[in-house]
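Asker: My structure is in model.cif, and what it holds is mmCIF, C-alpha atoms:
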data_protein
loop_
_atom_site.label_atom_id
_atom_site.label_comp_id
_atom_site.auth_asym_id
_atom_site.auth_seq_id
_atom_site.Cartn_x
_atom_site.Cartn_y
_atom_site.Cartn_z
CA MET A 4 -37.50 6.10 -65.39
CA ILE A 5 -37.70 4.89 -61.78
CA ARG A 6 -41.16 4.81 -60.37
CA ILE A 7 -41.33 6.02 -56.75
CA THR A 8 -44.12 4.32 -54.92
CA ASN A 9 -45.81 5.34 -51.69
CA ASN A 10 -44.39 2.23 -50.06
CA MET A 11 -40.86 3.36 -50.89
CA LEU A 12 -41.54 6.79 -49.39
CA VAL A 13 -42.88 5.21 -46.20
CA ASN A 14 -39.89 2.86 -45.89
CA ASP A 15 -37.45 5.74 -46.37
CA LEU A 16 -39.30 7.71 -43.72
CA LYS A 17 -39.16 4.83 -41.25
CA ARG A 18 -35.44 4.29 -41.88
CA ASN A 19 -34.64 7.98 -41.42
CA LEU A 20 -36.77 8.22 -38.30
CA ASN A 21 -34.98 5.19 -36.88
CA ASN A 22 -31.57 6.75 -37.59
CA ASN A 23 -32.66 9.94 -35.89
CA MET A 24 -33.89 7.94 -32.89
CA ILE A 25 -30.54 6.11 -32.69
CA ASN A 26 -28.66 9.42 -32.66
CA MET A 27 -31.02 10.82 -30.03
CA ASP A 28 -30.55 7.68 -27.90
CA LYS A 29 -26.76 8.06 -28.15
CA TYR A 30 -26.79 11.59 -26.73
CA GLN A 31 -29.41 10.75 -24.11
CA ARG A 32 -27.18 7.90 -22.90
CA GLN A 33 -24.18 10.22 -22.74
CA LEU A 34 -26.25 12.76 -20.80
CA SER A 35 -27.45 10.16 -18.28
CA THR A 36 -24.06 8.44 -17.76
CA GLY A 37 -21.77 11.43 -18.17
CA ARG A 38 -19.53 9.33 -20.43
CA LYS A 39 -18.99 9.54 -24.14
CA ILE A 40 -17.91 5.88 -24.39
CA ASN A 41 -20.72 3.61 -23.27
CA LEU A 42 -20.48 0.89 -25.91
CA PRO A 43 -17.44 -0.55 -27.73
CA SER A 44 -18.90 0.76 -30.98
CA ASP A 45 -18.85 4.34 -29.67
CA ASN A 46 -15.05 4.54 -29.93
CA PRO A 47 -13.11 1.24 -30.24
CA ALA A 48 -9.68 2.88 -30.04
CA GLY A 49 -10.75 5.02 -27.10
CA LEU A 50 -12.11 1.95 -25.31
CA VAL A 51 -8.74 0.17 -25.64
CA LYS A 52 -7.01 3.24 -24.20
CA SER A 53 -9.47 3.35 -21.29
CA LEU A 54 -8.89 -0.33 -20.51
CA ARG A 55 -5.14 0.23 -20.42
CA LEU A 56 -5.49 3.23 -18.15
CA ARG A 57 -7.81 1.33 -15.82
CA THR A 58 -5.30 -1.54 -15.68
CA ASN A 59 -2.56 0.91 -14.74
CA LEU A 60 -4.78 2.41 -12.03
CA VAL A 61 -5.56 -1.02 -10.54
CA GLU A 62 -1.84 -1.91 -10.55
CA SER A 63 -0.95 1.36 -8.85
CA GLU A 64 -3.59 0.80 -6.19
CA GLN A 65 -2.15 -2.64 -5.41
CA TYR A 66 1.40 -1.30 -5.27
CA LEU A 67 0.25 1.47 -2.94
CA ALA A 68 -1.42 -1.13 -0.71
CA ASN A 69 1.84 -3.11 -0.67
CA ILE A 70 3.81 0.02 0.21
CA ASN A 71 1.45 0.89 3.07
CA GLU A 72 1.84 -2.66 4.37
CA GLY A 73 5.63 -2.40 4.13
CA ILE A 74 5.77 0.98 5.86
CA ASN A 75 3.57 -0.25 8.72
CA PHE A 76 5.68 -3.41 9.07
CA MET A 77 8.93 -1.44 9.22
CA GLU A 78 7.52 1.20 11.56
CA THR A 79 6.59 -1.63 13.91
CA THR A 80 10.13 -2.93 13.57
CA ASP A 81 11.59 0.50 14.28
CA ALA A 82 9.35 0.91 17.33
CA ALA A 83 10.60 -2.45 18.67
CA LEU A 84 14.22 -1.44 18.05
CA ASN A 85 13.58 1.86 19.81
CA ASN A 86 12.17 0.00 22.81
CA LEU A 87 15.23 -2.25 22.87
CA ASN A 88 17.48 0.78 22.70
CA SER A 89 15.67 2.42 25.63
CA ILE A 90 15.97 -0.77 27.67
CA LEU A 91 19.69 -1.12 26.94
CA GLN A 92 20.28 2.51 27.81
CA ARG A 93 18.57 1.85 31.14
CA VAL A 94 20.61 -1.34 31.66
CA ARG A 95 23.80 0.61 30.98
CA GLU A 96 22.72 3.30 33.43
CA LEU A 97 22.08 0.65 36.08
CA ALA A 98 25.46 -0.94 35.34
CA VAL A 99 27.14 2.43 35.90
CA ASN A 100 25.34 2.69 39.25
CA ALA A 101 26.33 -0.87 40.14
CA ALA A 102 29.98 -0.11 39.34
CA ASN A 103 30.02 2.21 42.35
CA GLY A 104 31.86 0.34 45.08
CA THR A 105 29.86 2.03 47.83
CA ASN A 106 26.67 0.02 47.04
CA ASP A 107 25.59 -2.36 49.76
CA ASP A 108 23.97 -5.75 49.20
CA SER A 109 20.42 -4.39 49.20
CA ALA A 110 21.27 -1.73 46.60
CA ARG A 111 22.98 -4.29 44.34
CA LYS A 112 20.01 -6.62 44.73
CA ALA A 113 17.58 -3.87 43.70
CA ILE A 114 19.68 -3.08 40.61
CA ALA A 115 19.97 -6.76 39.69
CA ASP A 116 16.23 -7.32 40.10
CA GLU A 117 15.44 -4.42 37.78
CA ILE A 118 17.83 -5.73 35.13
CA ASP A 119 16.15 -9.15 35.46
CA GLN A 120 12.80 -7.56 34.66
CA LEU A 121 14.29 -5.64 31.73
CA ALA A 122 15.69 -8.90 30.35
CA GLU A 123 12.19 -10.41 30.47
CA GLN A 124 10.89 -7.42 28.51
CA ILE A 125 13.63 -7.89 25.90
CA THR A 126 12.42 -11.49 25.43
CA LEU A 127 8.91 -10.20 24.72
CA ILE A 128 10.19 -7.62 22.24
CA ALA A 129 12.17 -10.31 20.40
CA ASN A 130 8.83 -11.93 19.55
CA THR A 131 7.10 -8.69 18.51
CA THR A 132 4.41 -9.19 15.87
CA TYR A 133 2.87 -7.04 13.17
CA GLY A 134 -0.60 -8.48 12.85
CA THR A 135 0.18 -12.20 12.86
CA LYS A 136 3.75 -11.83 11.53
CA HIS A 137 6.78 -12.00 13.80
CA ILE A 138 8.95 -9.13 12.58
CA PHE A 139 12.34 -10.60 13.57
CA ALA A 140 11.66 -14.16 12.33
CA GLY A 141 12.72 -13.70 8.69
CA THR A 142 10.33 -15.62 6.47
CA ASN A 143 9.30 -17.93 9.31
CA VAL A 144 6.78 -15.30 10.39
CA THR A 145 4.24 -17.67 11.95
CA HIS A 146 6.51 -18.81 14.80
CA PRO A 147 8.11 -16.78 17.60
CA PRO A 148 11.83 -16.50 16.75
CA TYR A 149 13.09 -16.58 20.34
CA GLN A 150 11.94 -19.50 22.49
CA GLY A 151 13.65 -20.99 25.52
CA GLY A 152 16.90 -19.18 24.81
CA LEU A 153 17.04 -20.55 21.25
CA TRP A 154 16.72 -18.57 18.03
CA THR A 155 14.34 -20.25 15.57
CA GLY A 156 14.06 -17.41 13.04
CA ASN A 157 16.00 -17.19 9.78
CA ASN A 158 17.75 -14.48 7.79
CA GLU A 159 15.76 -14.87 4.57
CA ALA A 160 14.25 -11.85 2.84
CA LEU A 161 10.59 -10.96 3.27
CA GLU A 162 9.85 -9.10 0.04
CA LEU A 163 7.06 -6.87 -1.23
CA GLU A 164 6.52 -5.82 -4.84
CA ILE A 165 6.36 -2.03 -4.99
CA GLY A 166 6.48 -1.57 -8.78
CA VAL A 167 6.62 -3.50 -12.03
CA GLY A 168 9.43 -5.99 -11.39
CA VAL A 169 10.62 -3.98 -8.35
CA LYS A 170 10.78 -5.73 -4.97
CA LEU A 171 11.96 -4.44 -1.60
CA THR A 172 13.00 -6.44 1.45
CA ILE A 173 11.08 -5.16 4.47
CA ASN A 174 12.71 -7.21 7.23
CA LEU A 175 16.24 -7.27 8.64
CA THR A 176 17.93 -10.04 6.66
CA ASP A 177 21.52 -9.92 7.89
CA GLU A 178 22.66 -11.68 11.05
CA SER A 179 22.74 -8.50 13.14
CA MET A 180 19.46 -9.17 14.98
CA GLU A 181 20.15 -12.89 15.47
CA ASN A 182 23.60 -11.99 16.85
CA PHE A 183 22.01 -9.25 18.94
CA PHE A 184 19.71 -11.74 20.66
CA THR A 185 21.92 -14.87 20.70
CA GLY A 186 25.50 -13.59 20.37
CA ASP A 187 28.16 -13.84 17.66
CA GLY A 188 30.90 -15.76 19.47
CA THR A 189 32.71 -12.68 20.70
CA VAL A 190 29.88 -10.56 22.11
CA PRO A 191 27.10 -12.37 24.04
CA GLY A 192 23.46 -12.01 23.07
CA VAL A 193 21.50 -9.35 24.88
CA ILE A 194 19.62 -11.84 27.10
CA GLU A 195 22.82 -13.64 28.08
CA TYR A 196 24.49 -10.27 28.59
CA CYS A 197 21.79 -9.19 31.04
CA GLN A 198 21.98 -12.51 32.88
CA ASN A 199 25.76 -12.26 33.19
CA LEU A 200 25.48 -8.66 34.35
CA VAL A 201 22.94 -9.64 37.02
CA THR A 202 25.31 -12.32 38.29
CA SER A 203 28.23 -9.88 38.35
CA ILE A 204 26.18 -7.31 40.27
CA ARG A 205 24.94 -9.82 42.83
CA ASN A 206 28.51 -11.00 43.37
CA GLY A 207 29.82 -7.44 43.55
CA ASN A 208 32.43 -8.10 40.80
CA LEU A 209 33.28 -4.54 39.76
CA ASP A 210 35.71 -5.56 37.01
CA GLU A 211 33.04 -7.59 35.20
CA ILE A 212 30.56 -4.75 35.61
CA ASP A 213 33.04 -2.30 34.03
CA ALA A 214 33.59 -4.69 31.11
CA ALA A 215 29.81 -4.96 30.70
CA LEU A 216 29.64 -1.24 29.94
CA THR A 217 31.74 -1.76 26.80
CA THR A 218 29.54 -4.69 25.74
CA ALA A 219 26.45 -2.53 26.23
CA ASP A 220 27.91 0.05 23.83
CA VAL A 221 28.50 -2.67 21.20
CA LEU A 222 24.92 -3.90 21.51
CA ILE A 223 23.55 -0.36 21.29
CA ASP A 224 25.62 0.24 18.13
CA LYS A 225 24.04 -2.86 16.56
CA LEU A 226 20.60 -1.46 17.30
CA LEU A 227 21.48 1.91 15.81
CA ALA A 228 22.76 0.24 12.63
CA ALA A 229 19.54 -1.77 12.34
CA ARG A 230 17.41 1.35 12.83
CA SER A 231 19.44 3.16 10.18
CA THR A 232 18.73 0.33 7.70
CA ILE A 233 15.00 0.42 8.47
CA GLY A 234 14.89 4.21 8.20
CA ALA A 235 16.52 4.18 4.77
CA LYS A 236 14.01 1.63 3.49
CA VAL A 237 11.05 3.58 4.87
CA ASN A 238 12.34 6.69 3.10
CA ARG A 239 12.52 4.78 -0.18
CA LEU A 240 8.99 3.44 0.24
CA GLU A 241 7.66 6.92 0.94
CA LEU A 242 9.34 8.23 -2.21
CA GLN A 243 7.81 5.39 -4.25
CA GLN A 244 4.45 6.05 -2.60
CA SER A 245 4.60 9.72 -3.60
CA ARG A 246 5.54 8.80 -7.18
CA LEU A 247 2.69 6.31 -7.50
CA GLU A 248 0.16 8.77 -6.09
CA SER A 249 1.26 11.38 -8.65
CA THR A 250 1.03 8.77 -11.40
CA GLN A 251 -2.49 7.84 -10.30
CA ILE A 252 -3.56 11.47 -10.59
CA SER A 253 -2.17 11.57 -14.14
CA TYR A 254 -3.89 8.31 -15.11
CA THR A 255 -7.20 9.50 -13.65
CA SER A 256 -6.95 12.76 -15.58
CA LEU A 257 -6.20 10.93 -18.84
CA LEU A 258 -9.08 8.54 -18.23
CA ALA A 259 -11.46 11.46 -17.66
CA GLN A 260 -10.31 13.14 -20.86
CA ASN A 261 -10.83 9.92 -22.78
CA GLU A 262 -14.20 8.89 -21.32
CA ASP A 263 -16.01 11.84 -19.80
CA ALA A 264 -18.49 13.67 -21.98
CA ASP A 265 -18.57 17.45 -22.43
CA MET A 266 -22.04 18.01 -20.97
CA ALA A 267 -22.59 21.35 -22.72
CA GLU A 268 -21.77 19.78 -26.07
CA VAL A 269 -23.92 16.73 -25.34
CA ILE A 270 -26.95 18.86 -24.44
CA MET A 271 -26.50 20.96 -27.59
CA ASN A 272 -26.25 17.84 -29.80
CA LEU A 273 -29.25 16.27 -28.09
CA LYS A 274 -31.37 19.37 -28.72
CA MET A 275 -30.23 19.37 -32.33
CA GLN A 276 -31.23 15.73 -32.78
CA GLU A 277 -34.59 16.36 -31.15
CA SER A 278 -35.20 19.18 -33.62
CA VAL A 279 -34.18 16.91 -36.52
CA TYR A 280 -36.49 14.18 -35.26
CA LEU A 281 -39.44 16.54 -34.91
CA ALA A 282 -38.77 17.91 -38.41
CA SER A 283 -38.69 14.34 -39.73
CA LEU A 284 -42.06 13.62 -38.15
CA ALA A 285 -43.48 16.79 -39.65
CA ALA A 286 -42.12 15.92 -43.08
CA GLY A 287 -43.47 12.37 -42.81
CA ALA A 288 -46.95 13.67 -42.08
CA ARG A 289 -46.96 15.29 -45.51
CA ILE A 290 -45.87 12.26 -47.56
CA ILE A 291 -49.45 11.14 -48.33
CA GLN A 292 -51.82 13.97 -47.76
CA PRO A 293 -54.63 12.80 -50.19
CA SER A 294 -57.05 10.35 -48.64
CA LEU A 295 -59.66 7.96 -50.11
CA VAL A 296 -62.27 10.64 -49.65
CA ASP A 297 -60.42 12.83 -52.15
CA PHE A 298 -60.82 10.17 -54.85
CA LEU A 299 -64.52 9.67 -54.14
CA LYS A 300 -65.36 13.29 -54.76
#
Translate this file's structure into structure tokens.
Answerer:
Amino acid sequence: MIRITNNMLVNDLKRNLNNNMINMDKYQRQLSTGRKINLPSDNPAGLVKSLRLRTNLVESEQYLANINEGINFMETTDAALNNLNSILQRVRELAVNAANGTNDDSARKAIADEIDQLAEQITLIANTTYGTKHIFAGTNVTHPPYQGGLWTGNNEALELEIGVGVKLTINLTDESMENFFTGDGTVPGVIEYCQNLVTSIRNGNLDEIDAALTTADVLIDKLLAARSTIGAKVNRLELQQSRLESTQISYTSLLAQNEDADMAEVIMNLKMQESVYLASLAAGARIIQPSLVDFLK
């Protein structure tokens, strides 16, 4: 026969009260944090899942930041190309006016002076920056690509990572822009073209002015091709941006399902544990009801 001592009863009571307190603490922590996983021991498998989801969310946020950077960079590029296109359209319009043989010297001088100013503006646009990056310089973004009539940029790709193992070139990497500014051997660069046109207008050479109209169309076509390339890339980035934003919503929902506590259930469990704890205290008060006075009677 096993003899149950008072000491054993007291130890059992203390152990059971401690277990009840631990359970009550668990639900109180869930109630205060709103999460059902607060410690690794609460749900080891669930914790691993939460860490993976949080990693995916952080990656998505970085990719979205990269995409926003790429879109802003290319929108700056497109704005510069649009400005160049507007200037060339104006230069072509002035060339058409200059091709009129009725212009006198003062009229030709006024047209030539305006084209001179437009050429200066083209030089500024060639060195357009996004933040501190020169958008037409290739990877040599810290230096102006067009200086003193020389092209110092390169045609290397400036890439951004927009997904796991997915990179997109955000600058114009072919030779179209370099040829646009410096020429390709058959068609002069836009600055040289404007300078030659100014000379032809001042000299009143109508044949050269007529030929310049065809060259202007070639240069404008190069700009349109570059803008088409930029537009296609911006569309792709926006599609990837939309996909990542949808994925983030899914990850956030899964994380909430895995971590967030059902508050109604938590409150119910907490009340139940409080009742159990109070019942344990009441039961413990009856373990040793006789006192020393009872034995002295």
Asker: Residue by residue, what does the PyMOL selection byres ((chain A and resi 19-33) around 12) grab here? Present the result as an NGL selection string.
Answerer: :A and (12-18 or 34-42 or 44-45 or 262-287)
Asker: Distance CA of Ala98 (chain A)-CA of Val201 (chain A), one decimal place?
Answerer: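 Atom-to-atom, CA of Ala98 (chain A) and CA of Val201 (chain A) are spaced 9.2 Å apart.
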Asker: Calculate how many Å separate CA of Val51 (chain A) from CA of Gly168 (chain A), rounding to one decimal.
Answerer: 23.9 Å
Asker: Evaluate the PyMOL selection byres ((chain A and resi 94) around 10) and record the selected residues as a ChimeraX atom specification, following the chain and residue labels used in the document.
Answerer: /A:88-93,95-100,114-115,117-119,121-122,197,200,215-216,219
Asker: Output C-alpha atoms of each residue in that selection to a file, as a short mmCIF file (atom, residue, chain, number, x, y, z; two decimals), in the frame of the given file.
Answerer:
data_model
loop_
_atom_site.label_atom_id
_atom_site.label_comp_id
_atom_site.auth_asym_id
_atom_site.auth_seq_id
_atom_site.Cartn_x
_atom_site.Cartn_y
_atom_site.Cartn_z
CA ASN A 88 17.48 0.78 22.70
CA SER A 89 15.67 2.42 25.63
CA ILE A 90 15.97 -0.77 27.67
CA LEU A 91 19.69 -1.12 26.94
CA GLN A 92 20.28 2.51 27.81
CA ARG A 93 18.57 1.85 31.14
CA ARG A 95 23.80 0.61 30.98
CA GLU A 96 22.72 3.30 33.43
CA LEU A 97 22.08 0.65 36.08
CA ALA A 98 25.46 -0.94 35.34
CA VAL A 99 27.14 2.43 35.90
CA ASN A 100 25.34 2.69 39.25
CA ILE A 114 19.68 -3.08 40.61
CA ALA A 115 19.97 -6.76 39.69
CA GLU A 117 15.44 -4.42 37.78
CA ILE A 118 17.83 -5.73 35.13
CA ASP A 119 16.15 -9.15 35.46
CA LEU A 121 14.29 -5.64 31.73
CA ALA A 122 15.69 -8.90 30.35
CA CYS A 197 21.79 -9.19 31.04
CA LEU A 200 25.48 -8.66 34.35
CA ALA A 215 29.81 -4.96 30.70
CA LEU A 216 29.64 -1.24 29.94
CA ALA A 219 26.45 -2.53 26.23
#
Asker: Running the PyMOL selection byres ((chain A and resi 86) around 12) on this model by hand, what would come out? Give it as a list in words.
Answerer: Thr79, Thr80, Asp81, Ala82, Ala83, Leu84, Asn85, Leu87, Asn88, Ser89, Ile90, Leu91, Gln92, Arg93, Leu121, Gln124, Ile125, Thr126, Leu127, Ile128, Ala129, Thr131, Ile223, Leu226, Leu227 and Arg230 of chain A
Asker: Could you name the residues that touch region 103-105 of chain A at 10 Å or less, counting only C-alpha atoms, but leaving out those on the same chain fewer than 4 positions away, as a list in words?
Answerer: Ala98, Val99, Ala110, Arg111, Gly207, Asn208, Leu209, Ile212 and Asp213 of chain A
Asker: Please provide the set of residues having any atom within 9 Å of Leu60 (chain A), restricted to only C-alpha atoms, with same-chain residues fewer than 6 positions apart removed, written as JSON, numbers by chain.
Answerer: {"A": [250, 251, 254, 255]}
Asker: Can you work out which one of A:Thr172, A:Asn75, A:Ser253, A:Asn69 has the shortest atom-to-atom distance to Thr132 (chain A), counting only C-alpha atoms?
Answerer: A:Asn75
Asker: CA of Leu161 (chain A) and CA of Thr142 (chain A), how far apart in Å?
Answerer: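 A separation of 5.7 Å between them.
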Asker: As lines of an AutoDock Vina configuration file, please: the centre and edge lengths in Å, to one decimal, of an axis-aligned box enclosing every listed atom of region 105-109 of chain A with 3 Å added on each side.
Answerer:
center_x = 25.1
center_y = -1.9
center_z = 48.4
size_x = 15.4
size_y = 13.8
size_z = 8.7
Asker: At a cut-off of 12 Å around the point (14.7, -17.6, 18.1) (file coordinates), what residues fall inside when counting all atoms listed in the file? I'd like the answer as a PyMOL selection string.
Answerer: chain A and resi 126-131+137-141+143-144+146-158+180-186+192+194
Asker: Would you mind telling me which residue in A:Gln198, A:Thr145, A:Leu67, A:Val167 lies nearest to Leu242 (chain A) when using only C-alpha atoms?
Answerer: A:Leu67
